[in-house]
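Enquirer: The following file, start26.txt, comprises compact mmCIF, C-alpha atoms:
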```
# COMPACT_ATOMS: atom_id res chain seq x y z
CA MET A 1 23.76 20.83 -13.32
CA ALA A 2 22.54 17.26 -13.50
CA GLY A 3 21.92 14.56 -10.94
CA GLY A 4 20.81 14.84 -7.38
CA ASP A 5 23.49 17.22 -6.09
CA GLY A 6 23.95 20.91 -6.92
CA ASN A 7 22.44 24.32 -6.29
CA LEU A 8 19.13 25.42 -7.75
CA LEU A 9 20.27 29.02 -7.93
CA ALA A 10 23.63 28.35 -9.59
CA ALA A 11 24.42 29.29 -13.18
CA LEU A 12 21.13 31.06 -13.75
CA PRO A 13 20.75 32.29 -17.31
CA ARG A 14 19.71 35.92 -17.63
CA SER A 15 17.72 35.43 -20.76
CA LEU A 16 16.46 32.35 -22.54
CA GLU A 17 14.68 31.71 -25.80
CA ALA A 18 12.64 29.01 -24.10
CA GLU A 19 12.27 27.74 -20.56
CA GLN A 20 15.18 25.60 -19.39
CA THR A 21 14.30 22.31 -17.73
CA THR A 22 16.82 20.11 -15.94
CA ASP A 23 16.03 16.71 -14.45
CA LEU A 24 17.41 16.35 -10.94
CA ILE A 25 15.84 13.00 -10.12
CA ALA A 26 14.12 10.80 -12.67
CA ASN A 27 12.85 7.31 -12.16
CA GLU A 28 9.76 5.31 -12.97
CA ASN A 29 7.53 6.91 -10.34
CA LEU A 30 9.07 10.30 -9.72
CA ARG A 31 10.64 13.19 -11.59
CA ILE A 32 12.10 16.20 -9.83
CA GLU A 33 13.10 19.02 -12.13
CA ARG A 34 14.39 22.56 -12.03
CA ILE A 35 12.74 24.93 -14.45
CA VAL A 36 14.13 28.37 -15.20
CA SER A 37 11.93 30.97 -16.84
CA THR A 38 12.99 34.42 -18.00
CA GLY A 39 9.69 36.00 -18.87
CA GLN A 40 8.18 33.04 -20.73
CA ALA A 41 4.50 32.18 -20.49
CA SER A 42 2.43 29.35 -21.93
CA PRO A 43 1.40 29.99 -25.53
CA PRO A 44 -2.00 31.70 -25.91
CA GLY A 45 -4.77 29.14 -25.55
CA PHE A 46 -2.42 26.39 -24.36
CA TRP A 47 -3.34 24.42 -21.24
CA TYR A 48 -1.30 21.79 -19.46
CA ASP A 49 -3.40 18.67 -18.89
CA GLN A 50 -1.25 16.02 -17.24
CA ALA A 51 -2.11 12.42 -16.40
CA TRP A 52 -0.06 12.68 -13.18
CA SER A 53 0.13 14.98 -10.16
CA GLU A 54 2.65 17.80 -9.90
CA TRP A 55 3.81 19.59 -6.78
CA VAL A 56 5.42 22.95 -7.56
CA LEU A 57 7.62 25.20 -5.44
CA LEU A 58 8.57 28.67 -6.59
CA VAL A 59 12.18 29.09 -5.48
CA ALA A 60 13.09 32.50 -6.94
CA GLY A 61 11.49 35.20 -9.07
CA SER A 62 7.73 35.33 -9.48
CA ALA A 63 5.02 33.91 -11.69
CA GLY A 64 1.31 33.79 -12.35
CA LEU A 65 -0.27 30.35 -12.59
CA LEU A 66 -3.80 30.22 -13.98
CA PHE A 67 -6.11 27.30 -13.33
CA GLU A 68 -8.96 26.73 -15.73
CA GLY A 69 -12.15 28.18 -14.30
CA GLU A 70 -10.40 30.72 -12.09
CA ALA A 71 -10.70 34.40 -12.93
CA GLN A 72 -7.14 35.40 -12.12
CA PRO A 73 -3.74 33.73 -12.05
CA ARG A 74 -2.42 32.78 -8.64
CA VAL A 75 0.63 34.92 -7.98
CA LEU A 76 3.56 32.84 -6.77
CA ARG A 77 6.45 34.29 -4.77
CA PRO A 78 9.52 32.55 -3.35
CA GLY A 79 8.52 29.78 -0.97
CA ASP A 80 5.01 29.42 -2.39
CA HIS A 81 4.06 25.88 -3.30
CA LEU A 82 0.98 24.19 -4.60
CA LEU A 83 -0.31 20.86 -5.74
CA ILE A 84 -1.63 20.48 -9.27
CA PRO A 85 -3.79 17.35 -9.34
CA ALA A 86 -3.81 15.15 -12.42
CA HIS A 87 -5.91 16.62 -15.22
CA ARG A 88 -6.30 19.97 -13.47
CA ARG A 89 -5.85 22.21 -16.49
CA HIS A 90 -3.50 25.11 -15.94
CA ARG A 91 -1.16 27.47 -17.73
CA VAL A 92 1.66 29.82 -16.90
CA ALA A 93 0.13 33.26 -17.38
CA TRP A 94 3.41 35.13 -16.84
CA THR A 95 6.85 34.95 -15.30
CA ASP A 96 9.11 37.72 -14.03
CA VAL A 97 10.77 39.63 -16.84
CA GLU A 98 13.36 41.32 -14.61
CA HIS A 99 14.80 38.34 -12.72
CA PRO A 100 15.04 34.63 -13.49
CA THR A 101 12.23 32.57 -12.07
CA VAL A 102 13.28 29.20 -10.65
CA TRP A 103 10.71 26.47 -10.15
CA LEU A 104 11.07 23.13 -8.49
CA ALA A 105 8.57 20.65 -9.94
CA VAL A 106 7.93 17.22 -8.48
CA HIS A 107 5.96 14.97 -10.84
CA PHE A 108 4.51 11.84 -9.30
CA GLY A 109 1.69 9.37 -9.23
CA MET B 1 0.57 24.80 7.06
CA ALA B 2 -0.69 21.45 5.84
CA GLY B 3 -1.52 20.03 2.46
CA GLY B 4 -0.01 20.79 -0.90
CA ASP B 5 -0.52 24.57 -0.92
CA GLY B 6 1.22 27.19 1.21
CA ASN B 7 4.55 28.95 1.66
CA LEU B 8 7.64 27.22 3.00
CA LEU B 9 8.88 30.44 4.58
CA ALA B 10 5.62 31.37 6.30
CA ALA B 11 5.11 31.26 10.05
CA LEU B 12 8.69 30.34 10.80
CA PRO B 13 9.29 29.71 14.48
CA ARG B 14 12.24 31.58 15.94
CA SER B 15 13.16 28.92 18.41
CA LEU B 16 12.07 25.32 18.82
CA GLU B 17 12.69 22.63 21.39
CA ALA B 18 12.89 20.08 18.60
CA GLU B 19 12.86 20.20 14.83
CA GLN B 20 9.43 20.84 13.34
CA THR B 21 8.34 18.55 10.54
CA THR B 22 5.25 19.13 8.40
CA ASP B 23 4.02 16.76 5.73
CA LEU B 24 3.14 18.57 2.52
CA ILE B 25 2.47 15.52 0.39
CA ALA B 26 2.17 12.01 1.74
CA ASN B 27 1.14 8.93 -0.14
CA GLU B 28 2.27 5.35 -0.48
CA ASN B 29 5.31 6.09 -2.62
CA LEU B 30 6.22 9.66 -1.80
CA ARG B 31 6.49 12.00 1.14
CA ILE B 32 7.38 15.68 0.78
CA GLU B 33 7.99 17.46 4.03
CA ARG B 34 9.12 20.81 5.34
CA ILE B 35 11.55 20.65 8.23
CA VAL B 36 12.43 23.69 10.31
CA SER B 37 15.53 23.63 12.49
CA THR B 38 16.63 26.34 14.91
CA GLY B 39 20.08 25.15 15.88
CA GLN B 40 19.25 21.48 16.37
CA ALA B 41 21.65 18.73 15.37
CA SER B 42 21.40 14.95 15.44
CA PRO B 43 22.15 13.50 18.87
CA PRO B 44 25.80 12.54 19.40
CA GLY B 45 26.51 9.19 17.80
CA PHE B 46 23.15 9.06 16.02
CA TRP B 47 23.09 8.20 12.32
CA TYR B 48 20.11 8.18 10.01
CA ASP B 49 19.96 4.89 8.10
CA GLN B 50 16.88 4.87 5.90
CA ALA B 51 15.49 2.08 3.75
CA TRP B 52 14.43 4.63 1.11
CA SER B 53 16.04 7.47 -0.84
CA GLU B 54 15.78 11.10 0.22
CA TRP B 55 16.34 14.18 -1.88
CA VAL B 56 16.99 17.27 0.23
CA LEU B 57 16.87 20.96 -0.67
CA LEU B 58 18.07 23.61 1.75
CA VAL B 59 15.61 26.49 1.32
CA ALA B 60 16.77 28.95 4.00
CA GLY B 61 19.39 29.15 6.74
CA SER B 62 22.39 26.84 6.69
CA ALA B 63 23.38 23.41 7.91
CA GLY B 64 26.17 20.86 8.00
CA LEU B 65 25.30 17.36 6.81
CA LEU B 66 27.83 14.65 7.59
CA PHE B 67 27.99 11.40 5.66
CA GLU B 68 29.60 8.44 7.34
CA GLY B 69 33.15 8.05 6.12
CA GLU B 70 33.58 11.70 5.19
CA ALA B 71 35.92 13.87 7.24
CA GLN B 72 33.83 17.02 7.30
CA PRO B 73 30.15 17.88 7.07
CA ARG B 74 28.95 19.22 3.75
CA VAL B 75 27.93 22.81 4.27
CA LEU B 76 24.51 23.52 2.78
CA ARG B 77 23.35 27.00 1.79
CA PRO B 78 20.06 28.12 0.25
CA GLY B 79 19.48 26.37 -3.07
CA ASP B 80 21.84 23.49 -2.30
CA HIS B 81 20.35 20.07 -2.85
CA LEU B 82 21.62 16.54 -2.63
CA LEU B 83 20.47 12.97 -2.91
CA ILE B 84 20.85 10.66 0.06
CA PRO B 85 20.66 7.10 -1.27
CA ALA B 86 18.96 4.43 0.81
CA HIS B 87 21.17 3.20 3.66
CA ARG B 88 23.71 5.99 3.18
CA ARG B 89 24.33 6.80 6.82
CA HIS B 90 24.27 10.48 7.63
CA ARG B 91 23.63 12.94 10.43
CA VAL B 92 22.92 16.61 10.85
CA ALA B 93 26.14 17.99 12.33
CA TRP B 94 24.76 21.49 12.90
CA THR B 95 22.12 23.97 11.84
CA ASP B 96 22.17 27.75 11.91
CA VAL B 97 21.65 29.13 15.41
CA GLU B 98 20.92 32.70 14.26
CA HIS B 99 18.22 32.10 11.65
CA PRO B 100 15.70 29.32 11.07
CA THR B 101 16.86 26.66 8.67
CA VAL B 102 14.18 25.38 6.28
CA TRP B 103 14.62 22.07 4.54
CA LEU B 104 12.53 20.47 1.87
CA ALA B 105 12.82 16.69 2.02
CA VAL B 106 11.44 14.37 -0.64
CA HIS B 107 11.35 10.74 0.50
CA PHE B 108 10.79 8.17 -2.21
CA GLY B 109 11.49 4.74 -3.55
```
Would you write out, as structure tokens, the structure that this file holds?
Expert:
Amino acid sequence: MAGGDGNLLAALPRSLEAEQTTDLIANENLRIERIVSTGQASPPGFWYDQAWSEWVLLVAGSAGLLFEGEAQPRVLRPGDHLLIPAHRRHRVAWTDVEHPTVWLAVHFG
Amino acid sequence: MAGGDGNLLAALPRSLEAEQTTDLIANENLRIERIVSTGQASPPGFWYDQAWSEWVLLVAGSAGLLFEGEAQPRVLRPGDHLLIPAHRRHRVAWTDVEHPTVWLAVHFG
């Protein structure tokens, strides 16, 4: 699945060694990607710290997203979306181990 | 539901006089919006002709999207996404009359 047309839920792997990321749209100012997780989490102690903003939609499955300074991960279910401002440190605490988790990530700014 | 955080499937209206559009992200270069349709279609003879690109994801429900010059609308189901290049004329031929149809639209470039 590459390019702008397709189905986010098609050809979902059941089990992956690492998260699978596919660019759907990529240009100078914008990247839209599908990410599939099958139980992966960020490595212990690792924090994302991005110079750009990211808007995330959880499409299928479930996940826990931890922001630095918060006591507990935010639990994301299908349809949940949130904005991660630039340099807001965060990590994926967990993803569903039973079903594939599909994320839509829009990187911009 | 406004701003970057929320759930696309929350507080879905059962029936609307007109499509409901909510900005989730809006800045100079990018607009992400949720659109809810409850059976609406584009007016007869109306074509969208936009000066910018639009990437569309059908999140729930179903719809028919007709591109000018194509014989039949493309039928969109949950997870289906497509890129509508700038000035590619298109119209919404139909949306589900039984269940709310939720679109995610990313306008850019």
Enquirer: Pull the closest atom pair for each residue of chain A that gets at most 10 Å from chain B, along with the distance in Å to one decimal, counting only C-alpha atoms, ordering rows by chain and then ascending residue number, as a Markdown table.
Expert:
```
| residue | atom | partner | partner_atom | distance |
| --- | --- | --- | --- | --- |
| A:Gly3 | CA | B:Leu83 | CA | 8.3 |
| A:Gly4 | CA | B:Leu83 | CA | 4.9 |
| A:Asp5 | CA | B:Leu82 | CA | 4.0 |
| A:Gly6 | CA | B:His81 | CA | 5.5 |
| A:Asn7 | CA | B:Asp80 | CA | 4.1 |
| A:Leu8 | CA | B:Gly79 | CA | 4.8 |
| A:Leu9 | CA | B:Gly79 | CA | 5.6 |
| A:Ala10 | CA | B:Gly79 | CA | 8.0 |
| A:Leu24 | CA | B:Leu83 | CA | 9.2 |
| A:Ile25 | CA | B:Trp55 | CA | 8.3 |
| A:Asn27 | CA | B:Gly109 | CA | 9.1 |
| A:Glu28 | CA | B:Gly109 | CA | 9.6 |
| A:Asn29 | CA | B:Asn29 | CA | 8.1 |
| A:Leu30 | CA | B:Phe108 | CA | 8.0 |
| A:Ile32 | CA | B:Trp55 | CA | 9.2 |
| A:Glu54 | CA | B:Gly4 | CA | 9.8 |
| A:Trp55 | CA | B:Gly4 | CA | 7.1 |
| A:Val56 | CA | B:Gly4 | CA | 8.9 |
| A:Leu57 | CA | B:Asn7 | CA | 8.6 |
| A:Leu58 | CA | B:Asn7 | CA | 9.2 |
| A:Val59 | CA | B:Val59 | CA | 8.0 |
| A:Ala60 | CA | B:Gly79 | CA | 9.7 |
| A:Leu76 | CA | B:Asn7 | CA | 9.3 |
| A:Arg77 | CA | B:Asn7 | CA | 8.6 |
| A:Pro78 | CA | B:Asn7 | CA | 7.9 |
| A:Gly79 | CA | B:Leu8 | CA | 4.8 |
| A:Asp80 | CA | B:Asn7 | CA | 4.1 |
| A:His81 | CA | B:Asp5 | CA | 5.3 |
| A:Leu82 | CA | B:Asp5 | CA | 4.0 |
| A:Leu83 | CA | B:Gly4 | CA | 4.8 |
| A:Ile84 | CA | B:Gly4 | CA | 8.5 |
| A:Pro85 | CA | B:Gly4 | CA | 9.9 |
| A:Leu104 | CA | B:Leu57 | CA | 10.0 |
| A:Val106 | CA | B:Val106 | CA | 9.1 |
| A:Phe108 | CA | B:Leu30 | CA | 8.0 |
| A:Gly109 | CA | B:Asn29 | CA | 8.2 |
```
Enquirer: To one decimal place, how far is CA of Trp103 (chain B) from CA of Leu12 (chain A) in Å?
Expert: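 It comes out at 21.4 Å.
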Enquirer: Once chain B is fitted onto chain A by least squares over all its in-order Cα atoms, send the moved chain as a short mmCIF file (atom, residue, chain, number, x, y, z; two decimals) with C-alpha atoms, in the coordinates of the input.
Expert:
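Output file selection24.cif follows:
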```cif
data_model
loop_
_atom_site.label_atom_id
_atom_site.label_comp_id
_atom_site.auth_asym_id
_atom_site.auth_seq_id
_atom_site.Cartn_x
_atom_site.Cartn_y
_atom_site.Cartn_z
CA MET B 1 23.75 20.87 -13.26
CA ALA B 2 22.57 17.28 -13.48
CA GLY B 3 21.95 14.57 -10.95
CA GLY B 4 20.80 14.83 -7.38
CA ASP B 5 23.47 17.22 -6.09
CA GLY B 6 23.94 20.89 -6.91
CA ASN B 7 22.43 24.32 -6.29
CA LEU B 8 19.12 25.42 -7.76
CA LEU B 9 20.28 29.03 -7.93
CA ALA B 10 23.63 28.34 -9.60
CA ALA B 11 24.43 29.28 -13.17
CA LEU B 12 21.15 31.05 -13.75
CA PRO B 13 20.75 32.27 -17.31
CA ARG B 14 19.74 35.90 -17.63
CA SER B 15 17.72 35.43 -20.75
CA LEU B 16 16.46 32.34 -22.54
CA GLU B 17 14.67 31.70 -25.80
CA ALA B 18 12.63 29.01 -24.10
CA GLU B 19 12.26 27.74 -20.57
CA GLN B 20 15.16 25.60 -19.38
CA THR B 21 14.29 22.31 -17.74
CA THR B 22 16.81 20.11 -15.94
CA ASP B 23 16.02 16.72 -14.46
CA LEU B 24 17.40 16.35 -10.95
CA ILE B 25 15.83 13.01 -10.14
CA ALA B 26 14.12 10.80 -12.68
CA ASN B 27 12.85 7.31 -12.16
CA GLU B 28 9.76 5.31 -12.97
CA ASN B 29 7.54 6.91 -10.35
CA LEU B 30 9.07 10.30 -9.73
CA ARG B 31 10.64 13.18 -11.59
CA ILE B 32 12.10 16.22 -9.84
CA GLU B 33 13.10 19.01 -12.14
CA ARG B 34 14.39 22.55 -12.02
CA ILE B 35 12.74 24.93 -14.45
CA VAL B 36 14.13 28.37 -15.19
CA SER B 37 11.92 30.97 -16.85
CA THR B 38 12.99 34.43 -17.99
CA GLY B 39 9.67 36.00 -18.88
CA GLN B 40 8.18 33.05 -20.74
CA ALA B 41 4.51 32.17 -20.50
CA SER B 42 2.44 29.34 -21.93
CA PRO B 43 1.40 29.97 -25.53
CA PRO B 44 -1.99 31.67 -25.91
CA GLY B 45 -4.76 29.14 -25.53
CA PHE B 46 -2.42 26.39 -24.35
CA TRP B 47 -3.35 24.42 -21.23
CA TYR B 48 -1.30 21.80 -19.47
CA ASP B 49 -3.40 18.67 -18.89
CA GLN B 50 -1.26 16.02 -17.24
CA ALA B 51 -2.11 12.43 -16.41
CA TRP B 52 -0.07 12.68 -13.19
CA SER B 53 0.13 14.99 -10.17
CA GLU B 54 2.65 17.80 -9.90
CA TRP B 55 3.80 19.60 -6.79
CA VAL B 56 5.41 22.95 -7.57
CA LEU B 57 7.62 25.19 -5.44
CA LEU B 58 8.57 28.67 -6.59
CA VAL B 59 12.19 29.10 -5.47
CA ALA B 60 13.09 32.51 -6.94
CA GLY B 61 11.48 35.20 -9.08
CA SER B 62 7.72 35.33 -9.48
CA ALA B 63 5.03 33.91 -11.71
CA GLY B 64 1.30 33.80 -12.35
CA LEU B 65 -0.27 30.35 -12.60
CA LEU B 66 -3.79 30.21 -13.97
CA PHE B 67 -6.12 27.30 -13.31
CA GLU B 68 -8.96 26.75 -15.72
CA GLY B 69 -12.15 28.17 -14.29
CA GLU B 70 -10.40 30.71 -12.08
CA ALA B 71 -10.69 34.40 -12.92
CA GLN B 72 -7.14 35.42 -12.11
CA PRO B 73 -3.74 33.73 -12.05
CA ARG B 74 -2.41 32.79 -8.65
CA VAL B 75 0.62 34.93 -7.98
CA LEU B 76 3.56 32.85 -6.77
CA ARG B 77 6.45 34.29 -4.77
CA PRO B 78 9.53 32.56 -3.35
CA GLY B 79 8.51 29.78 -0.97
CA ASP B 80 5.02 29.42 -2.41
CA HIS B 81 4.06 25.88 -3.30
CA LEU B 82 0.96 24.20 -4.60
CA LEU B 83 -0.31 20.85 -5.75
CA ILE B 84 -1.63 20.48 -9.28
CA PRO B 85 -3.79 17.35 -9.33
CA ALA B 86 -3.80 15.16 -12.42
CA HIS B 87 -5.93 16.62 -15.22
CA ARG B 88 -6.31 19.97 -13.47
CA ARG B 89 -5.86 22.22 -16.48
CA HIS B 90 -3.49 25.10 -15.93
CA ARG B 91 -1.16 27.47 -17.73
CA VAL B 92 1.67 29.81 -16.90
CA ALA B 93 0.14 33.27 -17.38
CA TRP B 94 3.41 35.14 -16.84
CA THR B 95 6.85 34.95 -15.31
CA ASP B 96 9.10 37.71 -14.02
CA VAL B 97 10.77 39.62 -16.84
CA GLU B 98 13.35 41.33 -14.60
CA HIS B 99 14.80 38.35 -12.73
CA PRO B 100 15.04 34.64 -13.49
CA THR B 101 12.22 32.58 -12.07
CA VAL B 102 13.27 29.20 -10.64
CA TRP B 103 10.71 26.48 -10.15
CA LEU B 104 11.06 23.13 -8.50
CA ALA B 105 8.58 20.66 -9.95
CA VAL B 106 7.94 17.22 -8.48
CA HIS B 107 5.96 14.98 -10.84
CA PHE B 108 4.52 11.84 -9.31
CA GLY B 109 1.74 9.33 -9.20
#
```
Enquirer: Please, what is the axis-aligned box for every listed atom of region 89-98 of chain A with 8 Å on each side, as centre and edge lengths in Å to one decimal, as lines of an AutoDock Vina configuration file?
Expert:
```
center_x = 3.8
center_y = 31.8
center_z = -15.9
size_x = 35.2
size_y = 35.1
size_z = 19.7
```
Enquirer: At a cut-off of 9 Å around the point (11.5, 25.7, -22.5) (file coordinates), what residues fall inside when counting all atoms listed in the file? I'd like the answer as number ranges by chain.
Expert: A: 16-21, 35-37, 40
Enquirer: Dig up all the protein and nucleic acid residues within 9 Å of (-0.3, 31.6, -18.5) in the file frame, using all atoms listed in the file, and format them as an mmCIF file with C-alpha atoms, in the frame of the given file.
Expert:
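Produced file part05.cif, reproduced below:
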```
data_model
loop_
_atom_site.group_PDB
_atom_site.id
_atom_site.type_symbol
_atom_site.label_atom_id
_atom_site.label_comp_id
_atom_site.auth_asym_id
_atom_site.auth_seq_id
_atom_site.Cartn_x
_atom_site.Cartn_y
_atom_site.Cartn_z
ATOM 1 C CA GLN A 40 8.180 33.040 -20.730
ATOM 2 C CA ALA A 41 4.500 32.180 -20.490
ATOM 3 C CA SER A 42 2.430 29.350 -21.930
ATOM 4 C CA PRO A 43 1.400 29.990 -25.530
ATOM 5 C CA PRO A 44 -2.000 31.700 -25.910
ATOM 6 C CA GLY A 45 -4.770 29.140 -25.550
ATOM 7 C CA PHE A 46 -2.420 26.390 -24.360
ATOM 8 C CA TRP A 47 -3.340 24.420 -21.240
ATOM 9 C CA ALA A 63 5.020 33.910 -11.690
ATOM 10 C CA GLY A 64 1.310 33.790 -12.350
ATOM 11 C CA LEU A 65 -0.270 30.350 -12.590
ATOM 12 C CA LEU A 66 -3.800 30.220 -13.980
ATOM 13 C CA PHE A 67 -6.110 27.300 -13.330
ATOM 14 C CA PRO A 73 -3.740 33.730 -12.050
ATOM 15 C CA HIS A 90 -3.500 25.110 -15.940
ATOM 16 C CA ARG A 91 -1.160 27.470 -17.730
ATOM 17 C CA VAL A 92 1.660 29.820 -16.900
ATOM 18 C CA ALA A 93 0.130 33.260 -17.380
ATOM 19 C CA TRP A 94 3.410 35.130 -16.840
ATOM 20 C CA THR A 95 6.850 34.950 -15.300
#
```
Enquirer: Rounded to one decimal place, report the CA of Thr38 (chain A)-CA of Glu98 (chain A) distance in Å.
Expert: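 Going from CA of Thr38 (chain A) over to CA of Glu98 (chain A) covers 7.7 Å.
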Enquirer: Got a sec: who's within 8 Å of Ala51 (chain B), counting all atoms listed in the file, leaving out chain neighbours fewer than 2 positions off, as a ChimeraX atom specification?
Expert: /B:49,53,86-87
Enquirer: Go ahead and compute the interatomic distance for CA of Pro100 (chain B) and CA of Gly61 (chain B), in Å to one decimal.
Expert: 5.7 Å
